[in-house]
Structure formats: structure tokens, C-alpha cells
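What follows is the content of protein-v3.txt, which has compact mmCIF, C-alpha atoms (C1' of nucleotides):
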# COMPACT_ATOMS: atom_id res chain seq x y z
CA MET A 633 -8.15 -2.64 25.87
CA ALA A 634 -9.18 -5.96 27.37
CA ALA A 635 -9.54 -7.73 24.05
CA ALA A 636 -6.17 -9.36 24.41
CA THR A 637 -7.10 -10.89 27.74
CA GLY A 638 -9.62 -13.18 26.22
CA ASP A 639 -12.88 -11.69 27.37
CA MET A 640 -13.89 -10.80 23.86
CA PRO A 641 -16.04 -13.62 22.58
CA THR A 642 -16.02 -14.65 19.00
CA TYR A 643 -19.58 -14.59 17.83
CA GLN A 644 -20.28 -17.25 15.27
CA ILE A 645 -17.09 -17.32 13.34
CA ARG A 646 -17.98 -17.84 9.71
CA ALA A 647 -16.31 -20.41 7.60
CA PRO A 648 -13.49 -18.78 5.70
CA PRO A 649 -13.94 -18.32 1.98
CA THR A 650 -12.84 -21.48 0.29
CA SER A 651 -11.59 -19.98 -2.93
CA LEU A 652 -8.92 -17.34 -3.36
CA PRO A 653 -10.19 -13.99 -4.59
CA GLN A 654 -9.86 -13.26 -8.26
CA GLY A 655 -6.45 -12.28 -9.53
CA VAL A 656 -4.49 -14.39 -7.11
CA VAL A 657 -2.23 -16.79 -8.88
CA VAL A 658 -0.84 -19.75 -7.07
CA ALA A 659 2.93 -19.70 -7.44
CA ALA A 660 5.12 -22.40 -8.77
CA SER A 661 7.08 -24.22 -6.12
CA PRO A 662 10.08 -22.20 -4.84
CA GLY A 663 12.43 -24.88 -6.05
CA SER A 664 11.67 -23.98 -9.63
CA LEU A 665 12.84 -20.37 -9.25
CA HIS A 666 16.28 -19.29 -10.38
CA SER A 667 16.97 -15.78 -11.61
CA PRO A 668 17.03 -12.75 -9.27
CA GLN A 669 14.09 -11.40 -11.19
CA GLN A 670 12.07 -14.51 -10.52
CA LEU A 671 13.00 -14.31 -6.86
CA ALA A 672 11.93 -10.66 -6.74
CA GLU A 673 8.64 -11.49 -8.41
CA GLU A 674 8.07 -14.26 -5.93
CA ALA A 675 8.76 -11.90 -3.04
CA THR A 676 6.35 -9.34 -4.43
CA ARG A 677 3.70 -11.96 -4.93
CA LYS A 678 4.12 -13.20 -1.38
CA ARG A 679 3.86 -9.69 -0.02
CA GLU A 680 0.71 -8.97 -2.00
CA LEU A 681 -0.83 -12.19 -0.82
CA ARG A 682 0.02 -11.34 2.77
CA LEU A 683 -1.41 -7.84 2.45
CA MET A 684 -4.57 -9.17 0.90
CA LYS A 685 -5.06 -11.76 3.63
CA ASN A 686 -4.42 -9.20 6.34
CA ARG A 687 -6.84 -6.77 4.69
CA GLU A 688 -9.57 -9.35 4.90
CA ALA A 689 -8.58 -10.35 8.42
CA ALA A 690 -8.84 -6.72 9.49
CA ARG A 691 -12.29 -6.43 7.96
CA GLU A 692 -13.47 -9.55 9.74
CA CYS A 693 -11.93 -8.41 12.98
CA ARG A 694 -13.74 -5.07 12.80
CA ARG A 695 -16.99 -6.79 11.95
CA LYS A 696 -16.73 -9.03 15.01
CA LYS A 697 -15.78 -6.14 17.25
CA LYS A 698 -18.75 -4.12 16.04
CA GLU A 699 -21.03 -7.06 16.65
CA TYR A 700 -19.60 -7.46 20.14
CA VAL A 701 -20.18 -3.80 20.96
CA THR A 702 -23.73 -3.94 19.63
CA CYS A 703 -24.31 -6.99 21.78
CA LEU A 704 -23.06 -5.16 24.86
CA GLU A 705 -25.23 -2.15 24.08
CA ASN A 706 -28.29 -4.37 23.81
CA ARG A 707 -27.43 -5.98 27.11
CA VAL A 708 -27.09 -2.58 28.76
CA ALA A 709 -30.53 -1.63 27.46
CA VAL A 710 -32.06 -4.85 28.82
CA LEU A 711 -30.40 -4.47 32.22
CA GLU A 712 -31.41 -0.84 32.52
CA LYS A 713 -35.00 -1.77 31.82
CA GLN A 714 -34.83 -4.58 34.34
CA ASN A 715 -33.34 -2.26 36.91
CA LYS A 716 -36.11 0.25 36.40
CA THR A 717 -38.74 -2.44 36.88
CA LEU A 718 -37.12 -3.66 40.08
CA ILE A 719 -36.93 -0.14 41.47
CA GLU A 720 -40.63 0.33 40.77
CA GLU A 721 -41.40 -2.98 42.41
CA LEU A 722 -39.39 -2.10 45.48
CA LYS A 723 -41.15 1.23 45.72
CA ALA A 724 -44.54 -0.45 45.54
CA LEU A 725 -43.61 -2.93 48.25
CA LYS A 726 -42.33 -0.18 50.49
CA ASP A 727 -45.60 1.73 50.10
CA LEU A 728 -47.55 -1.36 50.93
CA TYR A 729 -45.44 -1.97 54.02
CA CYS A 730 -45.82 1.62 55.22
CA HIS A 731 -49.58 1.54 54.96
CA LYS A 732 -49.76 -1.72 56.83
CA ALA A 733 -47.62 -0.33 59.61
CA GLU A 734 -50.05 2.53 60.25
C1' DT B 1155 -22.30 27.81 -1.68
C1' DT B 1156 -18.06 26.91 0.64
C1' DT B 1157 -15.55 25.47 4.64
C1' DC B 1158 -15.02 22.92 8.89
C1' DT B 1159 -15.61 18.96 11.74
C1' DA B 1160 -16.87 14.50 13.66
C1' DG B 1161 -17.55 9.90 12.79
C1' DA B 1162 -17.28 5.69 10.02
C1' DC B 1163 -14.54 2.82 7.33
C1' DC B 1164 -10.34 1.20 5.25
C1' DG B 1165 -5.40 -0.45 4.49
C1' DT B 1166 -1.07 -1.21 6.45
C1' DC B 1167 2.37 -2.20 9.91
C1' DA B 1168 3.85 -4.11 14.29
C1' DT B 1169 2.97 -7.16 17.70
C1' DC B 1170 0.72 -10.80 20.18
C1' DT B 1171 -1.06 -15.54 20.38
C1' DG B 1172 -2.09 -20.20 19.34
C1' DT B 1173 -0.70 -24.36 16.80
C1' DG B 1174 1.96 -27.95 14.50
C1' DC C 571 10.80 -22.39 16.88
C1' DA C 572 8.37 -20.98 12.59
C1' DC C 573 4.28 -19.72 10.80
C1' DA C 574 -0.53 -17.99 10.19
C1' DG C 575 -4.18 -15.53 11.98
C1' DA C 576 -6.05 -11.90 15.18
C1' DT C 577 -5.88 -7.39 16.80
C1' DG C 578 -4.20 -2.61 18.36
C1' DA C 579 -2.42 1.67 16.53
C1' DC C 580 -2.02 4.98 13.08
C1' DG C 581 -2.88 7.71 9.14
C1' DG C 582 -5.76 8.40 5.03
C1' DT C 583 -10.35 9.00 2.56
C1' DC C 584 -15.33 9.81 2.40
C1' DT C 585 -19.58 11.72 3.87
C1' DA C 586 -23.24 14.10 6.39
C1' DG C 587 -24.37 17.94 8.89
C1' DA C 588 -23.33 22.46 11.10
C1' DA C 589 -21.47 27.11 10.71
C1' DA C 590 -19.99 31.12 8.19
Write the structure described by the file as C-alpha cells, please.
Amino acid sequence: MAAATGDMPTYQIRAPPTSLPQGVVVAASPGSLHSPQQLAEEATRKRELRLMKNREAARECRRKKKEYVTCLENRVAVLEKQNKTLIEELKALKDLYCHKAE
DNA sequence: TTTCTAGACCGTCATCTGTG
DNA sequence: CACAGATGACGGTCTAGAAA
């Protein structure tokens, strides 16, 4: 896929949500953690936060990709129509030229 | 009605990429 | 270089429609 090469535009990137989703608790500073249990809880919390962020990033990524594809499909439709018109026009001009030549 | 199938959507992991 | 965000790949679930 060419997406990695930079030819995939980002259509109107929305401002990220300013507030964390419900249920996310901001942790105490790492310096205040001591016991192995606290460390484990902190690790779990970090992992869940990462998964949640990535989940939302994936959703956004798919949304943008879908939008991009729709955009391309619309462009194809427009160009096909344009092409058809030009072919008709060319045909008409050829006819005109032929009749003049007689 | 039940079973099969294709397509859409989702969550997660691994990796790439840009930024401080 | 470390980190966060973006994206490709993969496997799972759901659903609508066709076939038996």
C-alpha cells in the first residue's frame, strides 16, 4: 500500500477530544509508588491507557481512510463523466469535418 | 427455518514516522 | 534517542442475503 509514502492526504483532521473518556483515572506521579503491587497496578493502568488510545487512533485512522477512498471514487465518477463528454465532442467534430471535406 | 458466505467493523499487536 | 501517534496486518464478531 502507498499510504506510507505520503500520498494519502489527511482530510480535515479534527481536534482531538480534550477530555479523557470516562473511567480513566490520572495516576499519581511514579515517584510516589513503592510496593510491587503498586508498580503492577501502575503497569496495568498504563497498558489500558495505551490500548484505549490506540483503539481510538485505529477508529480515526479507518474513518480517514474510508473518507479518502470515497473521495477517490467520487473523482473517478467525475472523470469518467468528463471523458464521456469529451469523446462525444470529438465525435461531433469529426462528423463535422467529414461533411465539410465532401 | 437453518446453514453458509461475503462484507463491514472492531480491537490488538508490531512497526513505521515525526518531533522534542 | 525516547516517546506518541499513525497505520498495516491479523483474527474475531455481527449482519444481511443467498442457498439448501
Contacts of chain C with chain A up to 9 Å, shortest pair per row, all atoms listed in the file, as CSV:
residue,atom,partner,partner_atom,distance
C:DG575,C1',A:Ala689,CA,7.7
C:DA576,C1',A:Cys693,CA,7.2
C:DT577,C1',A:Cys693,CA,7.2
C:DG578,C1',A:Met633,CA,8.5
Checklist entry - Could you state the separation of atom CA of Ala733 of chain A and atom CA of Asn715 of chain A in Å, given to one decimal place? => result 26.9 Å
Next on the checklist: What does the structure give for the distance between atom CA of Arg691 of chain A and atom C1' of DA572 of chain C, in Å to one decimal?
Outcome noted: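 Going from atom CA of Arg691 of chain A over to atom C1' of DA572 of chain C covers 25.7 Å.
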Checklist entry - What's the 12 Å shell around DC573 of chain C, counting only C-alpha atoms (C1' of nucleotides), without same-chain residues fewer than 6 positions away, as an NGL selection string? => result :B and (1171-1174)
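With atom C1' of DC571 of chain C on one side and atom C1' of DA1168 of chain B on the other, the separation reads 19.7 Å.
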Hey, can I get the axis-aligned box for segment 572-589 of chain C? All listed atoms, 3 Å padding on each side, centre and edge lengths in Å to one decimal, as lines of an AutoDock Vina configuration file.
center_x = -8.0
center_y = 3.1
center_z = 10.4
size_x = 38.7
size_y = 54.1
size_z = 22.0
Item to check | Selected residue of minimal separation from chain B among A:Ile719, A:Val701, A:Leu725, A:Met684, counting all atoms listed in the file | outcome: A:Met684
Checklist entry - Got a sec to check which residues sit within 6 Å of (-5.3, -4.5, 4.8), counting only C-alpha atoms (C1' of nucleotides), and write them as a PyMOL selection string? => result (chain A and resi 683+686-687) or (chain B and resi 1165-1166)
Next on the checklist: My list of candidates is A:Arg707, A:Arg695, A:His731, A:Lys716. Which is closest to chain B when distances are computed with all atoms listed in the file?
Outcome noted: A:Arg695
Item to check | Expected residue set, 7 Å radius at (-6.8, 4.6, 3.2), all atoms listed in the file, as a list in words | outcome: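 Within the cut-off we find DC1164 and DG1165 of chain B; DG582 and DT583 of chain C.
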Item to check | Near-DA589 of chain C list (12 Å; all atoms listed in the file; drop same-chain fewer than 6 positions) as number ranges by chain | outcome: B: 1156-1159
Checklist entry - Closest to chain B among A:Glu680, A:Glu673, A:Ala709, A:Ser667, using all atoms listed in the file? => result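 Of A:Glu680, A:Glu673, A:Ala709, A:Ser667, the one nearest chain B, counting all atoms listed in the file, is A:Glu680.
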